[in-house]
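First comes the structure, then the notes that go with it.
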Amino acid sequence: MTSERNGCRARRSFLRRVIAGGAAWCAAPYVISPAALGNAGRSAPSERITIGFIGLGSHGIGHNLRSFLRQNDAEPVILCDVDTRQIEAAVHTVRQQRGESFDCATTRDWREVIAREDVDAVMISTGDQWHGPMSVGAIQAGKDVMCEKPTLSIAEGRIVADLVRRYGTVFQTATEDRSIPVYHRMAELVRNGRIGRLERIFCQLPGGPGNAGDPRPQPVPAELDWDMWLGPAPWAPYRQGLHPYHWRWHRDYSGGQLTDWGAHQLDTVQWANDTEHSGPVEVEGSGRRHENGLYDTFFEYHLVYRYADGVELRVDSGGTGLRFEGSDGWVGNDGWVRPLQASSDAILASVIGPEEISLFTEPRGEHRNFLDCVKSRRDPYFPAEIGHRCSTLSHLGNIAMELGRKLRWDPVTEAFDRDDTANRMRSRSQREPWSNLGGVKPLG
Amino acid sequence: MVARIVGGIVFLIAGLLIGGGVAAADEALDRAFEVLATYDWGSERAPLQALDRAVVGAHGDQQAARHLENRLVEALEAATTRAAKDYLCRQLSLVGSAACVPAVAGLLADEELSHMARYALQRIPAPAAAAALREAVSQLEGNLQIGVIHSLGVRRDAESAGALIELLDAADQQVAAAAAAALGQIANPAAREALAEFQQRAPAALQLAAADAYLACAERLLADGQRTQAVAIYRTLATAEQPAPIRLAATRGMLAATRQSD
């Protein structure tokens, strides 16, 4: 059986190979957190992974905190947000689930979370501007990381992916798509040639927002640490329309629906196209932004990407849906988690045989997958490198629309071909002291 | 004959339209620069779109780019609001060259604008931009200095290695940690040598930062095909004296080096 585990490198297997090698340096012990070893006065890993939650907005609580609370072996240790109202909501949620007497520390400073020795892993659910620096800080503090998608820039994604590789961190890019049967099935059918040679991919993502937001500065609410909310982003006054949730419509904090939803549907694109460690070689497109107001990401967009093997990817705003067209048929669906459709019943009924490509999935979701991987030291189903490549696809689209010209991209060197301006846009400087090359200012 | 007349008329109309379009674009650009004089947070962005378009449109046209850059510099020097300077630094980050460096570098010591100055200087490929950051790094302190150190690291500015090596002994440990990280990115022989020595004597609070930077050097060497030198660093860091995460990382690095030689 050709079983692809999506880069799920078994680190114990790695150790066996290392020890078998017999070199002196191979004697270095396999490092696992104290809790994972069952010492430090805590439970063994099979029973509990201690988690610090950073970012407690609607998704941080409603999806991530609640999902982890449903796992018996997940233990919330500390809850962190720059807004005390969100901390209170999270405490309420934890106590609803674990009992009113459940004790959980709280803080507005994420550095307190990664400084705690009793935290095995962090769940980062902040605005995109914080994803890179917090991930870097947590990895360097020896934590495993589950971080919301997407990255803020191509360069930040590369830094995090390299650091994960350096330290053998278990890193999950937080999306559910690879656990959803219809997307897994879609990708497996394409990868196993059920539609023949893949030729074209159509991907629809939501547009919006319809309103432009109010750009006028407002007084900072007493409950909010605005400077910490901004973090590495350029300084700007508080505007009511950013926090909570709507920061994703501003380029300083995100890339709009193209990055926000692209991290979902474009992951299936890359998965099915077998380009999850690579990317396209060409991109062009156009989009529309609000002329005034607060929000400045593209609310409407139309993009065409081309891969090295000639596969064409079209991304359009206006809903959700996927369609893979090949030389012998097509598969897809017409909305988020909608049933699978295909050009023939034979494709729909097709069985993936034992000798065929079997893509890794975890139907119980990304949180369960992460906890299992923290214990097994395997890569989760959406690790940093694949998450970075997926986010890159969206960033390429935004850069192409911003520049209004066709761009050629080298997925190996991760650079544009002969376009200095586009190459400049691969990275953004971070506001001091939140640099993310290891110089993140520690607590105290 | 008729065809020639029609062709001439079409040519004339097209010329007028294009000329009119150019004039309108110029007018809109002038208006954008006017607006910047009083631009502030909450102002309408629409009038600035002409400038956004001009920056993008300057691609491949050196003369247009330099002309626009000069106007942006003039506007930066005349701007009175933080929001206007913020906007202008962003535009210079895309179209700026050595010509804008003096004006932008003048903001590096400004608490409010230092980051936006780096926003531009970090992206501008001209050596003058790196030189300005190098000049500033030893004149600043605290967070502003950390920011400049970071930008030099991102640029992998080899010429700043000497100044950064001196900062490994800075009294402010955050500055020293940032310097180590930047040297890890630069990873030239001087940086490697300094980090080899520093990771042996770094105070406890900086041990991980020093070792992490040294690991980054090894990765750079490996990526450049200098496997023997990379392995030498990994061997140094795989010893029992190192913190466990560093030992493991070094071991993983050696495995990667072994794979590379296969």
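Going by the structure tokens order, chains are called A, B, ..., each with residues numbered from 1, while ligands are numbered from 1 in the order shown.
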Can you build me a table of chain B residues sitting at most 8 Å from chain A, with the closest atom pair per residue and its distance in Å to one decimal, using only C-alpha atoms, sorted by chain and residue number, as a Markdown table?
| residue | atom | partner | partner_atom | distance |
| --- | --- | --- | --- | --- |
| B:Trp41 | CA | A:Arg216 | CA | 6.6 |
| B:Gly42 | CA | A:Arg216 | CA | 4.1 |
| B:Ser43 | CA | A:Pro215 | CA | 7.4 |
| B:Glu44 | CA | A:Asn292 | CA | 5.4 |
| B:Arg45 | CA | A:Asn292 | CA | 5.0 |
| B:Ala46 | CA | A:Glu291 | CA | 5.0 |
| B:Gln49 | CA | A:Glu291 | CA | 7.9 |
| B:Val56 | CA | A:Leu403 | CA | 5.6 |
| B:His59 | CA | A:Thr421 | CA | 7.6 |
| B:Ser93 | CA | A:Arg424 | CA | 7.7 |
| B:Leu94 | CA | A:Thr421 | CA | 5.6 |
| B:Val95 | CA | A:Thr421 | CA | 7.1 |
| B:His115 | CA | A:Arg431 | CA | 5.5 |
| B:Met116 | CA | A:Pro234 | CA | 7.1 |
| B:Arg118 | CA | A:Ser429 | CA | 6.7 |
| B:Tyr119 | CA | A:Ser429 | CA | 5.0 |
| B:Gln122 | CA | A:Ser429 | CA | 6.8 |
| B:Arg123 | CA | A:Arg424 | CA | 5.4 |
| B:Ile124 | CA | A:Arg424 | CA | 7.5 |
| B:Asn143 | CA | A:Pro433 | CA | 5.3 |
| B:Leu144 | CA | A:Glu432 | CA | 6.5 |
| B:Ile146 | CA | A:Pro433 | CA | 6.2 |
| B:Gly147 | CA | A:Glu432 | CA | 4.8 |
| B:His150 | CA | A:Ser435 | CA | 6.2 |
| B:Ser151 | CA | A:Ser429 | CA | 7.2 |
| B:Gln174 | CA | A:Lys441 | CA | 5.9 |
| B:Val175 | CA | A:Gly439 | CA | 8.0 |
| B:Ala177 | CA | A:Gly439 | CA | 5.5 |
| B:Ala178 | CA | A:Gly439 | CA | 4.2 |
| B:Ala179 | CA | A:Gly439 | CA | 7.8 |
| B:Ala181 | CA | A:Gly438 | CA | 5.5 |
| B:Ala182 | CA | A:Leu437 | CA | 7.3 |
| B:Ala209 | CA | A:Gly438 | CA | 6.7 |
| B:Asp212 | CA | A:Gly438 | CA | 7.8 |
| B:Ala213 | CA | A:Gly438 | CA | 7.9 |
| B:Arg235 | CA | A:Trp25 | CA | 6.8 |
| B:Ala238 | CA | A:Trp25 | CA | 6.4 |
| B:Thr239 | CA | A:Trp25 | CA | 7.6 |
| B:Ala240 | CA | A:Ala28 | CA | 7.7 |
| B:Ala244 | CA | A:Val31 | CA | 6.3 |
| B:Pro245 | CA | A:Val31 | CA | 6.6 |
| B:Ile246 | CA | A:Tyr167 | CA | 7.6 |
| B:Arg247 | CA | A:Ala28 | CA | 6.4 |
| B:Leu248 | CA | A:Val31 | CA | 6.5 |
| B:Ala249 | CA | A:Tyr167 | CA | 5.0 |
| B:Thr251 | CA | A:Trp25 | CA | 6.8 |
| B:Arg252 | CA | A:Arg166 | CA | 7.3 |
| B:Gly253 | CA | A:Arg166 | CA | 7.3 |
| B:Leu255 | CA | A:Val18 | CA | 7.5 |
Those residues with C-alpha atoms, as a JSON list (two decimals), in the first residue's frame please?
[["chain", "number", "residue", "atom", "x", "y", "z"],
["B", 41, "TRP", "CA", -6.16, 58.89, 10.55],
["B", 42, "GLY", "CA", -9.78, 58.74, 9.52],
["B", 43, "SER", "CA", -9.31, 60.84, 6.39],
["B", 44, "GLU", "CA", -10.74, 59.63, 3.10],
["B", 45, "ARG", "CA", -8.32, 57.34, 1.27],
["B", 46, "ALA", "CA", -9.79, 57.76, -2.19],
["B", 49, "GLN", "CA", -5.41, 56.16, -5.00],
["B", 56, "VAL", "CA", 2.58, 50.50, -9.14],
["B", 59, "HIS", "CA", 7.42, 49.43, -12.51],
["B", 93, "SER", "CA", 9.10, 50.80, 0.75],
["B", 94, "LEU", "CA", 7.85, 49.82, -2.73],
["B", 95, "VAL", "CA", 9.42, 52.37, -5.03],
["B", 115, "HIS", "CA", 9.20, 51.47, 12.69],
["B", 116, "MET", "CA", 7.83, 53.00, 9.51],
["B", 118, "ARG", "CA", 12.44, 50.52, 8.93],
["B", 119, "TYR", "CA", 9.34, 49.45, 7.02],
["B", 122, "GLN", "CA", 14.22, 46.99, 5.31],
["B", 123, "ARG", "CA", 12.68, 46.54, 1.87],
["B", 124, "ILE", "CA", 14.78, 48.90, -0.24],
["B", 143, "ASN", "CA", 13.36, 49.02, 21.46],
["B", 144, "LEU", "CA", 14.43, 51.24, 18.57],
["B", 146, "ILE", "CA", 16.25, 46.16, 18.70],
["B", 147, "GLY", "CA", 14.14, 47.07, 15.68],
["B", 150, "HIS", "CA", 16.18, 42.99, 13.43],
["B", 151, "SER", "CA", 16.07, 44.81, 10.09],
["B", 174, "GLN", "CA", 17.12, 41.99, 24.78],
["B", 175, "VAL", "CA", 19.54, 43.88, 22.58],
["B", 177, "ALA", "CA", 19.48, 38.47, 22.06],
["B", 178, "ALA", "CA", 18.42, 40.43, 18.99],
["B", 179, "ALA", "CA", 22.04, 40.82, 17.92],
["B", 181, "ALA", "CA", 19.52, 36.35, 16.16],
["B", 182, "ALA", "CA", 20.61, 38.80, 13.46],
["B", 209, "ALA", "CA", 19.23, 32.70, 21.96],
["B", 212, "ASP", "CA", 19.51, 29.15, 18.33],
["B", 213, "ALA", "CA", 21.48, 31.68, 16.31],
["B", 235, "ARG", "CA", 28.59, 18.55, 16.85],
["B", 238, "ALA", "CA", 24.90, 18.23, 20.43],
["B", 239, "THR", "CA", 26.93, 17.94, 23.60],
["B", 240, "ALA", "CA", 25.53, 17.19, 27.03],
["B", 244, "ALA", "CA", 17.91, 19.49, 25.70],
["B", 245, "PRO", "CA", 16.00, 21.27, 22.89],
["B", 246, "ILE", "CA", 19.29, 22.49, 21.43],
["B", 247, "ARG", "CA", 20.82, 19.01, 21.61],
["B", 248, "LEU", "CA", 17.87, 17.56, 19.77],
["B", 249, "ALA", "CA", 17.90, 20.31, 17.18],
["B", 251, "THR", "CA", 20.99, 16.01, 16.26],
["B", 252, "ARG", "CA", 18.25, 16.64, 13.74],
["B", 253, "GLY", "CA", 20.60, 18.95, 11.88],
["B", 255, "LEU", "CA", 20.70, 13.85, 10.32]]
Next on the checklist: Write out as a PyMOL selection string the set of residues from region 67-256 of chain B that DSSP, computed on the backbone, places in alpha helix (DSSP H).
Outcome noted: chain B and resi 67-78+82-95+101-105+114-121+127-137+142-155+161-167+173-186+189-201+207-223+227-237+244-256
Would you list the contacts of Asp30 (chain B) as a PDB file with C-alpha atoms, in the first residue's frame, taking every protein, DNA or RNA residue within 12 Å and counting only C-alpha atoms, but skipping same-chain residues closer than 6 positions in sequence?
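Now in out_10.pdb:
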ATOM      1  CA  ALA B  23      -3.509  64.904 -17.900  1.00  0.00           C
ATOM      2  CA  ALA B  24      -6.264  63.615 -15.627  1.00  0.00           C
ATOM      3  CA  LEU B  36      -1.149  64.464   2.131  1.00  0.00           C
ATOM      4  CA  ALA B  37      -0.374  67.860   3.626  1.00  0.00           C
ATOM      5  CA  PRO B  47      -7.720  60.830  -3.143  1.00  0.00           C
ATOM      6  CA  LEU B  48      -4.543  58.843  -2.460  1.00  0.00           C
ATOM      7  CA  GLN B  49      -5.414  56.164  -4.996  1.00  0.00           C
ATOM      8  CA  ALA B  50      -3.744  58.146  -7.754  1.00  0.00           C
ATOM      9  CA  LEU B  51      -0.520  57.904  -5.813  1.00  0.00           C
ATOM     10  CA  ALA B  54       1.560  55.816  -9.752  1.00  0.00           C
ATOM     11  CA  LEU B  68       7.935  59.858  -8.177  1.00  0.00           C
ATOM     12  CA  ARG B  71       8.099  63.828  -4.935  1.00  0.00           C
ATOM     13  CA  LEU B  72       7.488  61.299  -2.162  1.00  0.00           C
ATOM     14  CA  ALA B  75       6.194  65.161   0.740  1.00  0.00           C
TER      15      ALA B  75
END
Checklist entry - Quick one: residues within 10 Å of Gly207 (chain A), only C-alpha atoms counted, chain neighbours fewer than 3 positions away excluded, as an NGL selection string? => result :A and (204 or 210 or 256-258 or 261 or 298-301 or 316-320)
Residue subset to file, keeping N, CA and C atoms, as a compact mmCIF listing (two decimals), in the first residue's frame:
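So the final result, stored in part-v1.txt, reads:
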# COMPACT_ATOMS: atom_id res chain seq x y z
N GLN A 204 -13.94 28.67 -5.46
CA GLN A 204 -14.72 29.86 -5.12
C GLN A 204 -14.57 30.14 -3.63
N GLY A 210 -19.10 43.79 2.74
CA GLY A 210 -19.85 44.73 1.93
C GLY A 210 -19.69 46.17 2.37
N GLY A 256 -7.61 39.68 4.10
CA GLY A 256 -8.98 39.63 3.61
C GLY A 256 -9.49 38.20 3.44
N GLN A 257 -10.61 38.10 2.75
CA GLN A 257 -11.22 36.77 2.56
C GLN A 257 -10.30 35.83 1.78
N LEU A 258 -9.48 36.39 0.92
CA LEU A 258 -8.60 35.54 0.11
C LEU A 258 -7.65 34.74 0.99
N TRP A 261 -10.31 32.67 3.96
CA TRP A 261 -10.98 31.48 3.44
C TRP A 261 -10.08 30.66 2.51
N PHE A 298 -9.07 43.20 -0.52
CA PHE A 298 -9.92 43.00 -1.70
C PHE A 298 -11.22 42.31 -1.28
N PHE A 299 -12.35 42.94 -1.59
CA PHE A 299 -13.63 42.29 -1.26
C PHE A 299 -14.17 41.51 -2.45
N GLU A 300 -13.58 41.76 -3.62
CA GLU A 300 -13.94 40.99 -4.81
C GLU A 300 -12.63 40.67 -5.54
N TYR A 301 -12.51 39.46 -6.03
CA TYR A 301 -11.23 39.10 -6.67
C TYR A 301 -11.43 37.98 -7.68
N ASP A 316 -12.14 32.67 -7.63
CA ASP A 316 -13.08 33.79 -7.75
C ASP A 316 -13.84 33.97 -6.45
N SER A 317 -14.07 35.22 -6.11
CA SER A 317 -14.90 35.50 -4.93
C SER A 317 -16.36 35.35 -5.31
N GLY A 318 -17.18 35.03 -4.28
CA GLY A 318 -18.60 34.92 -4.54
C GLY A 318 -19.27 33.68 -3.99
N GLY A 319 -18.67 33.06 -3.02
CA GLY A 319 -19.29 31.86 -2.43
C GLY A 319 -18.21 30.88 -2.02
N THR A 320 -18.57 29.63 -1.89
CA THR A 320 -17.55 28.61 -1.66
C THR A 320 -17.85 27.44 -2.57
Item to check | Selection: 9 Å around Leu152 (chain B), only C-alpha atoms, excl. self and same-chain fewer than 3 positions, as a list in words | outcome: Gln122, Ala130, Leu133, Arg134, Val137, Gly147, Val148, Ile149, Arg155, Arg156, Asp157, Ala158, Ser160, Ala182 and Ile186 of chain B
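Omitting Gly332 (chain A) and its sequence neighbours fewer than 2 positions away, and counting only C-alpha atoms, the residues within 10 Å are Val182, Tyr183, Arg185, Met186, Ala187, Val190, Ile201, Phe202, Cys203, Gly321, Leu322, Arg323, Phe324, Glu325, Trp330, Asp334, Gly335, Arg338, Pro339, Leu340, Gln341, Ala342 and Ser343 of chain A.
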